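Chemist: I am attaching a structure below and will ask some questions about it afterwards.
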Number of protein chains: 2
Amino acid sequence: MFWSGVDLGGTNIKVGLVSEEGTLLRSVTEKTKVQDGYEMILEQIIGMVRSLAASHRISMTSIAGIGAGVPGTTSPEGVVYFANNLHWQERPFQQDLEQMLNRPVFVENDASMAAMGELCCGSLKGVTNGILITLGTGLGTGLVIHGDVFSGSHGLGRQAGHIKVGNNFYDCTCGGNGCLETFTSATALVRYYIHRRDQMNHVNSEEILYQPTAREIMEAAAAGNSLAVEAFTRLVHYLGIGIANLINTLDPEVIALGGGLSKAGNQLLEPLQQSILKQLYDKKRFYTHIVLATLENEAGMVGGAMFARRKLN
Amino acid sequence: MFWSGVDLGGTNIKVGLVSEEGTLLRSVTEKTKVQDGYEMILEQIIGMVRSLAASHRISMTSIAGIGAGVPGTTSPEGVVYFANNLHWQERPFQQDLEQMLNRPVFVENDASMAAMGELCCGSLKGVTNGILITLGTGLGTGLVIHGDVFSGSHGLGRQAGHIKVGNNFYDCTCGGNGCLETFTSATALVRYYIHRRDQMNHVNSEEILYQPTAREIMEAAAAGNSLAVEAFTRLVHYLGIGIANLINTLDPEVIALGGGLSKAGNQLLEPLQQSILKQLYDKKRFYTHIVLATLENEAGMVGGAMFARRKLN
């Protein structure tokens with residue numbers, strides 16, 4: 001049998017066909033049509049799963065189950081309570097997908113699905129307690145406790161992107177101010193850079209990026225661009241606070257970093273280690289390993305598929 | 001058989017004799033001789049356990065096991081890694097107590113022990129995921145996950161008193177700045193009141209408390225003293241952030257408040273509910289019940305005893 005994993009993000013939808021062992025066999029990616037609303041996104045996903053099965057020359061009934069990760073909170077029954085970056089509230093996503101696909105579907109938070117992928121087949125393999133942090137449009141956290149993904153008692157946990165770590169110059173899409181993701185996501189990096197650029201009209205114009213992506217800011221920071229360095233340093237400071245808060249609370253063996261920003265590798269990891277250490281309760285015992293996630297863009301798809309497999313086996 | 005629980009705090013040491021069912025039969029309290037150092041505190045505890053057995057007319061061998069809670073991080077082997085309010089680093093507390101008492105001893109964080117007490121016999125009874133927050137000299141957090149106390153992979157977790165939630169005017173005894181306990185403990189309330197009082201020499205002198213305790217500030221706030229109201233409002237704001245951070249991460253069924261400040265009851269609970277709600281990721285689903293701990297000063301002793309009982313049974 002085959003399994004399928006859907007990784008629904010604020011920017012892209014990725015759908016993968018996965019083997020019993022967690023190998024990604026084939027995948028397809030489309031831009032998320034957020035502005036077109038919930039029903040259009042359902043249609044997009046259905047089409048993607050079907051075209052994937054067709055292109056692999058298998059019937060839909062050869063797909064034993066489908067796991068879909070969403071960027072928000074989900075009930076144990078797969079209702080999406082709230083997904084700020086999709087502008088969704090109270091959507092029976094699992095039930096709708098199941099009816100339209102006529103296959104068993106399981107819905108969970110996207111970072112939990114990615115954590116399941118890393119737990120089965122990547123950077124969290126063999127870990128009892130671990131955390132995956134995805135640094136993308138938002139900041140997602142997938143928790144592994146006692147060897148399984150953990151969502152809390154009502155599916156409202158693993159939202160550490162929304163822990164408050166200070167005051168920020170703009171509000172989060174969740175309605176709060178000071179959320180970790182408004183300091184440390186790719187979006188946050190770009191917003192802070194633009195905010196400071198617009199404040200500072202005395203800067204040498206050659207150094208200025210006008211419509212920068214997070215990647216361009218990271219590259220400019222590596223090249224010594226002072227404003228990019230400032231924005232990156234601020235991100236590292238707050239990410240250190242957020243990760244130390246998680247260690248001071250949950251003390252996992254491993255915290256793995258995924259998502260677009262994690263592609264910076266050692267440019268991010270090395271200063272981040274110092275930043276975390278400063279904020280630990282017990283600075284003599286920095287026992288949690290901070291690593292890069294290994295499945296990269298595949299984690300959500302593989303994890304979704306393996307989540308469905310665990311549920312059905 | 002009998003069990004004993006030791007609740008070692010920065011201010012008092014409490015030692016209790018506890019029945020198989022978790023009933024506190026007899027207890028004794030002494031001021032903690034923090035300034036006299038580690039060995040003196042060991043001697044204090046030994047004397048207290050022995051006098052308790054003697055006054056209950058039982059032999060030391062009738063005590064099946066002893067659980068001791070300390071205000072800091074502890075290894076799975078009962079070494080106290082770090083206890084900022086006792087000025088302890090790397091103390092083999094479990095081993096030392098065991099040798100001196102010649103009984104099985106188990107050492108854990110004090111808030112974990114209190115959480116075990118509430119889990120067995122109090123406000124967390126029957127809970128799968130819950131948190132006890134003790135508001136005393138510091139802010140302790142005891143985590144219950146999957147029906148048992150949770151300390152993390154190396155015993156360095158459940159230190160949410162040291163998550164960073166902003167910048168503060170004084171540093172924490174852990175060496176950090178912005179720790180939750182520096183905004184929300186009894187100590188923090190007093191320090192902020194005095195800090196603001198010393199800044200404001202224009203205040204009507206009749207309203208001023210000169211050497212206030214936390215309880216006196218709470219009483220003055222209830223009576224409408226403006227400076228006390230300000231200090232209390234600030235505490236509630238930051239405690240709301242800290243508790244919402246825990247809900248956004250762990251989504252427990254119940255969070256119970258214990259420690260001296262929790263005696264304020266509804267004076268604290270009612271504004272705190274509003275403060276938490278403002279900081280939740282999903283403001284439509286405030287499903288975690290915020291309650292007062294029920295075992296009060298007995299939680300640490302009962303929990304210590306029941307922790308030892310679970311370990312030996």
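Identifiers for the structure tokens are assigned positionally: chains receive A, B, ... in sequence, residues are indexed from 1 per chain, and ligands are indexed from 1 in the order shown.
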Sorted by chain and rising residue number, which residues of chain B lie within 7 Å of chain A, and what are their closest atom pairs and distances in Å to one decimal, counting only C-alpha atoms, as JSON lines?
Modeler:
```
{"residue": "B:Phe82", "atom": "CA", "partner": "A:Asp282", "partner_atom": "CA", "distance": 6.6}
{"residue": "B:Asn129", "atom": "CA", "partner": "A:Ser153", "partner_atom": "CA", "distance": 6.5}
{"residue": "B:Gly152", "atom": "CA", "partner": "A:Asp251", "partner_atom": "CA", "distance": 4.5}
{"residue": "B:Ser153", "atom": "CA", "partner": "A:Pro252", "partner_atom": "CA", "distance": 5.5}
{"residue": "B:His154", "atom": "CA", "partner": "A:Asp251", "partner_atom": "CA", "distance": 6.7}
{"residue": "B:Leu156", "atom": "CA", "partner": "A:Asp251", "partner_atom": "CA", "distance": 5.5}
{"residue": "B:Gly157", "atom": "CA", "partner": "A:Asp251", "partner_atom": "CA", "distance": 4.5}
{"residue": "B:Arg158", "atom": "CA", "partner": "A:Thr249", "partner_atom": "CA", "distance": 4.6}
{"residue": "B:Gln159", "atom": "CA", "partner": "A:Asn248", "partner_atom": "CA", "distance": 5.1}
{"residue": "B:Ala160", "atom": "CA", "partner": "A:Thr249", "partner_atom": "CA", "distance": 5.1}
{"residue": "B:His162", "atom": "CA", "partner": "A:Tyr281", "partner_atom": "CA", "distance": 6.0}
{"residue": "B:Ile163", "atom": "CA", "partner": "A:Asn245", "partner_atom": "CA", "distance": 4.6}
{"residue": "B:Lys164", "atom": "CA", "partner": "A:Val165", "partner_atom": "CA", "distance": 6.4}
{"residue": "B:Val165", "atom": "CA", "partner": "A:Val165", "partner_atom": "CA", "distance": 4.7}
{"residue": "B:Gly166", "atom": "CA", "partner": "A:Gly166", "partner_atom": "CA", "distance": 4.8}
{"residue": "B:Cys174", "atom": "CA", "partner": "A:Tyr281", "partner_atom": "CA", "distance": 6.2}
{"residue": "B:Gly176", "atom": "CA", "partner": "A:Gln279", "partner_atom": "CA", "distance": 6.4}
{"residue": "B:Ile241", "atom": "CA", "partner": "A:Lys164", "partner_atom": "CA", "distance": 6.6}
{"residue": "B:Asn245", "atom": "CA", "partner": "A:Ile163", "partner_atom": "CA", "distance": 4.6}
{"residue": "B:Ile247", "atom": "CA", "partner": "A:Gly157", "partner_atom": "CA", "distance": 6.4}
{"residue": "B:Asn248", "atom": "CA", "partner": "A:Gly157", "partner_atom": "CA", "distance": 5.0}
{"residue": "B:Thr249", "atom": "CA", "partner": "A:Gly157", "partner_atom": "CA", "distance": 4.5}
{"residue": "B:Leu250", "atom": "CA", "partner": "A:Gly157", "partner_atom": "CA", "distance": 4.6}
{"residue": "B:Asp251", "atom": "CA", "partner": "A:Gly157", "partner_atom": "CA", "distance": 4.5}
{"residue": "B:Pro252", "atom": "CA", "partner": "A:Ser153", "partner_atom": "CA", "distance": 5.5}
{"residue": "B:Glu253", "atom": "CA", "partner": "A:Ser153", "partner_atom": "CA", "distance": 6.0}
{"residue": "B:Gln279", "atom": "CA", "partner": "A:Gly176", "partner_atom": "CA", "distance": 6.4}
{"residue": "B:Tyr281", "atom": "CA", "partner": "A:His162", "partner_atom": "CA", "distance": 6.0}
{"residue": "B:Asp282", "atom": "CA", "partner": "A:Phe82", "partner_atom": "CA", "distance": 6.6}
```
Chemist: Which polymer residues have any atom within 12 Å of an atom of Asp148 of chain B, counting only C-alpha atoms, with same-chain residues fewer than 6 positions away left out, as a list in words?
Modeler: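 Near neighbours after the sequence-gap exclusion: His146 of chain A; Ser112, Met113, Ala115, Met116, Gly117, Glu118, Leu119, Cys120, Leu124, Lys125, Gly126, Val127, Thr128, Asn129, Gly130, Ile131, Gly142, Gly303, Met306, Phe307, Arg310 and Lys311 of chain B.
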Chemist: When you draw a straight line from atom CA of Leu277 of chain A to atom CA of Ile290 of chain A, how long is it in Å?
Modeler: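 About the pair atom CA of Leu277 of chain A and atom CA of Ile290 of chain A: they are 11.2 Å apart.
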Chemist: List the neighbours of Gly140 of chain A out to 6 Å using only C-alpha atoms; skip same-chain residues closer than 6 positions along the sequence, and give me the result as a list of chain:residue names.
Modeler: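 Those residues are A:Ala111, A:Ile133, A:Thr134, A:Gly161.
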Chemist: Could you pull out all residues of segment 33-266 of chain A with a DSSP call of alpha helix (DSSP H) and give them as a count of residues only?
Modeler: 92
Chemist: Neighbouring residues of segment 206-213 of chain A were defined as those with any atom within 12 Å, considering only C-alpha atoms; residues of the same chain fewer than 4 positions away were excluded. Please report them as a ChimeraX atom specification.
Modeler: /A:136-137,185-198,200-202,217-221,223-229,260-261
Chemist: Residues of segment 49-186 of chain A classed as strand (DSSP E or B) by DSSP on the backbone are to be reported as an MDAnalysis selection string.
Modeler: chainID A and resid 63:70 73:74 80:83 88:91 105:109 130:135 139:145 148:150 164 179
Chemist: For each of B:Lys31, B:His289, B:His87, B:His237, take the minimum atom-to-atom distance to Asn12 of chain B, counting only C-alpha atoms, then give the residue where this is smallest.
Modeler: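 Of B:Lys31, B:His289, B:His87, B:His237, the one nearest Asn12 of chain B is B:Lys31, counting only C-alpha atoms.
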Chemist: Tell me, as a list in words, which residues lie within 12 Å of Ile63 of chain B, counting only C-alpha atoms; anything in the same chain fewer than 5 positions away does not count.
Modeler: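 Once the adjacent positions are removed, what remains is Met1, Phe2, Trp3, Ser4, Gly5, Gly16, Leu17, Val18, Ser19, Glu20, Val49, Arg50, Leu52, Ala53, Ala54, His56, Arg57, Ile58, Leu101, Asn102, Arg103, Pro104, Val105, Ala305, Ala308 and Arg309 of chain B.
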Chemist: Using only C-alpha atoms, determine which residues lie at most 8 Å from Thr294 of chain A, disregarding the query and same-chain residues fewer than 4 positions distant; provide the list as a list of chain:residue names.
Modeler: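 Counting only C-alpha atoms, the residues come to A:Glu118, A:Gly122, A:Ser123, A:Gly258.
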Chemist: For the selection you just gave me, I'd like the residues written to a file as a JSON list (two decimals), in the first residue's frame, keeping C-alpha atoms.
Modeler:
```json
[["chain", "number", "residue", "atom", "x", "y", "z"],
["A", 118, "GLU", "CA", 11.66, 13.76, 11.51],
["A", 122, "GLY", "CA", 15.07, 12.11, 10.20],
["A", 123, "SER", "CA", 16.72, 14.32, 12.81],
["A", 258, "GLY", "CA", 13.54, 23.27, 9.65]]
```
